[in-house]
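Visitor: Next up is a structure, given as structure tokens.
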Amino acid sequence: VDLAGSGPVHMTGGCVAIVMAVILGPRMGRFYDRDGTPYDEPRDIAGHSVALQFLGTFCLWFGWYGFNPGGTLFISSASFGDAASLAAVNTSIGAAAGALSAMFTHTIIDERKTGIVTYDLTSTMNGCLTGLVAITAPCATVEPWAAFVIGMIAGWVYLAGSFLLVRLKIDDAVDAIPVHFGGGLWGLLSVGLFTAPGRLQTAFGMDDHVGWFYEWGRGSGNFTLMGIQIIA
């Protein structure tokens, strides 16, 4: 179950980004100097305009309202309309939760390292985008509370992926890999955990196999949907 493409769109793009980042290698001055000598600590290469970064992020967020609700393909019946409207609500919640999660978590980590409280806008924007990517798959099949949880965890997924790339000395200038690959992976798995029977019935006309948490509520522990999502 993937309504609007966390897997085929975002994970695929993230995989390509990993391959190309490794092939191209890091930018000069990021991990090594001009002579190829590694720095003791990676050097940050700042973007030229945070204002334009924010503008681009909000443009993407706005576009997602066509991307996710449009994944229903039709609004010709009450059920399709319900699915599309739920997708829009969950898209908003997932994005906001991802942004807040990444921002405040980065603030806490940085404060513990430096003793100075800062709010990193790049982490905030990429956390927002990771939340959008993650909620793309389950946007019409989970409850709004679950969208918040999915977005919150997406912010942590982004930060973990970003830190891992630096440790591996893979230079991802805009953190496309943790946003799209990490967010897409978490989005697919979240379907297998949080998909609600009623929402799945409305969006896809079936509820035989639902999210694992709901399966435990049924007393079955049926792992079918979660297993399919892992294989996918």
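Each chain of the structure tokens is named A, B, ... in the order shown, its residues numbered from 1; ligands are numbered from 1 in display order.
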When you look at Glu143 of chain A with a cut-off of 9 Å (counting only C-alpha atoms), what residues show up, excluding the ones that are within fewer than 4 positions of it in the same chain? I need them as a list of chain:residue names.
Guide: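 Result of the neighbour search: A:Leu86, A:Asn90, A:Cys139, A:Ala147, A:Phe194, A:Thr195, A:Ala196, A:Arg199.
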Visitor: Pull C-alpha atoms from the residues just selected and write them as a PDB file, in the first residue's frame.
Guide:
```
ATOM      1  CA  LEU A  86      -7.803  12.930   4.837  1.00  0.00           C
ATOM      2  CA  ASN A  90      -2.348  14.147   7.148  1.00  0.00           C
ATOM      3  CA  CYS A 139      -1.611   9.668   3.868  1.00  0.00           C
ATOM      4  CA  ALA A 147       0.357  11.194  10.879  1.00  0.00           C
ATOM      5  CA  PHE A 194      -0.463   2.384  11.425  1.00  0.00           C
ATOM      6  CA  THR A 195      -2.943   1.594   8.626  1.00  0.00           C
ATOM      7  CA  ALA A 196      -6.461   1.781  10.099  1.00  0.00           C
ATOM      8  CA  ARG A 199      -9.373   4.260   6.367  1.00  0.00           C
TER       9      ARG A 199
END
```
Visitor: Could you name the residues that touch Pro197 of chain A at 8 Å or less, counting only C-alpha atoms, but leaving out those on the same chain fewer than 4 positions away, as a PyMOL selection string?
Guide: chain A and resi 201+207+210-211+214
Visitor: Take the residues that were just selected and, keeping C-alpha atoms, output them as a CSV table (one decimal), in the first residue's frame.
Guide:
```csv
chain,number,residue,atom,x,y,z
A,201,GLN,CA,-11.6,0.4,3.4
A,207,ASP,CA,-9.6,-4.2,5.2
A,210,VAL,CA,-4.3,-3.8,8.2
A,211,GLY,CA,-1.6,-2.1,10.3
A,214,TYR,CA,-4.4,-2.7,14.7
```
Visitor: Looking at only C-alpha atoms, which of A:Ala102, A:Ala21, A:Ile109, A:Leu189 is the one that sits closest to Leu225 of chain A?
Guide: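 Among A:Ala102, A:Ala21, A:Ile109, A:Leu189, it is A:Leu189 that comes nearest to Leu225 of chain A.
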Visitor: Have a look at atom CA of Phe181 of chain A and atom CA of Ala84 of chain A and let me know their distance in Å, one decimal.
Guide: 24.7 Å
Visitor: So, counting only C-alpha atoms, which residue among A:Phe31, A:Phe74, A:Phe104, A:Phe223 is closest to Val191 of chain A?
Guide: A:Phe223
Visitor: With only C-alpha atoms as the basis for distance, which of A:Gly192, A:Ala87, A:Met206, A:Val142 is at the shortest distance from Met226 of chain A?
Guide: A:Gly192
Visitor: Can you pull out the residues contacting segment 130-133 of chain A? Cut-off 8 Å, using only C-alpha atoms, and skip same-chain residues under 4 positions away; I want them as a list in words.
Guide: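 Counting only the stated atoms, we get Ser6, His10, Trp61, Trp64, Thr91, Gly94, Ala95, Ala96, Ala97, Gly98, Ala99, Asn126, Ala137, Ile150, Gly151, Met152, Ala154, Gly155, Tyr158, Pro178, Val179, His180, Gly182, Gly183, Gly184 and Gly187 of chain A.
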Visitor: Can I get the selection written as an mmCIF file, in the first residue's frame, with C-alpha atoms?
Guide:
```
data_model
loop_
_atom_site.group_PDB
_atom_site.id
_atom_site.type_symbol
_atom_site.label_atom_id
_atom_site.label_comp_id
_atom_site.auth_asym_id
_atom_site.auth_seq_id
_atom_site.Cartn_x
_atom_site.Cartn_y
_atom_site.Cartn_z
ATOM 1 C CA SER A 6 7.058 6.986 -1.001
ATOM 2 C CA HIS A 10 11.251 8.897 -3.315
ATOM 3 C CA TRP A 61 4.910 21.736 0.622
ATOM 4 C CA TRP A 64 2.327 18.128 -2.067
ATOM 5 C CA THR A 91 0.041 15.836 4.711
ATOM 6 C CA GLY A 94 3.212 15.057 8.835
ATOM 7 C CA ALA A 95 5.115 18.021 7.408
ATOM 8 C CA ALA A 96 4.698 20.179 10.514
ATOM 9 C CA ALA A 97 5.622 17.347 12.876
ATOM 10 C CA GLY A 98 8.747 16.537 10.856
ATOM 11 C CA ALA A 99 9.877 20.165 10.882
ATOM 12 C CA ASN A 126 14.668 19.121 5.580
ATOM 13 C CA ALA A 137 2.546 6.430 1.337
ATOM 14 C CA ILE A 150 5.003 9.401 11.495
ATOM 15 C CA GLY A 151 6.141 12.986 10.912
ATOM 16 C CA MET A 152 7.877 13.184 14.279
ATOM 17 C CA ALA A 154 10.613 11.230 10.101
ATOM 18 C CA GLY A 155 12.440 14.218 11.611
ATOM 19 C CA TYR A 158 16.420 12.705 8.632
ATOM 20 C CA PRO A 178 18.142 11.093 4.096
ATOM 21 C CA VAL A 179 15.115 13.097 2.960
ATOM 22 C CA HIS A 180 14.041 10.867 0.086
ATOM 23 C CA GLY A 182 15.201 7.618 4.574
ATOM 24 C CA GLY A 183 11.798 9.287 4.462
ATOM 25 C CA GLY A 184 10.541 6.939 1.745
ATOM 26 C CA GLY A 187 6.878 5.915 4.958
#
```
Visitor: DSSP on the backbone, then: every residue of segment 69-187 of chain A marked alpha helix (DSSP H), written as a VMD selection string.
Guide: chain A and resid 78 to 114 121 to 136 144 to 167 176 183 to 187
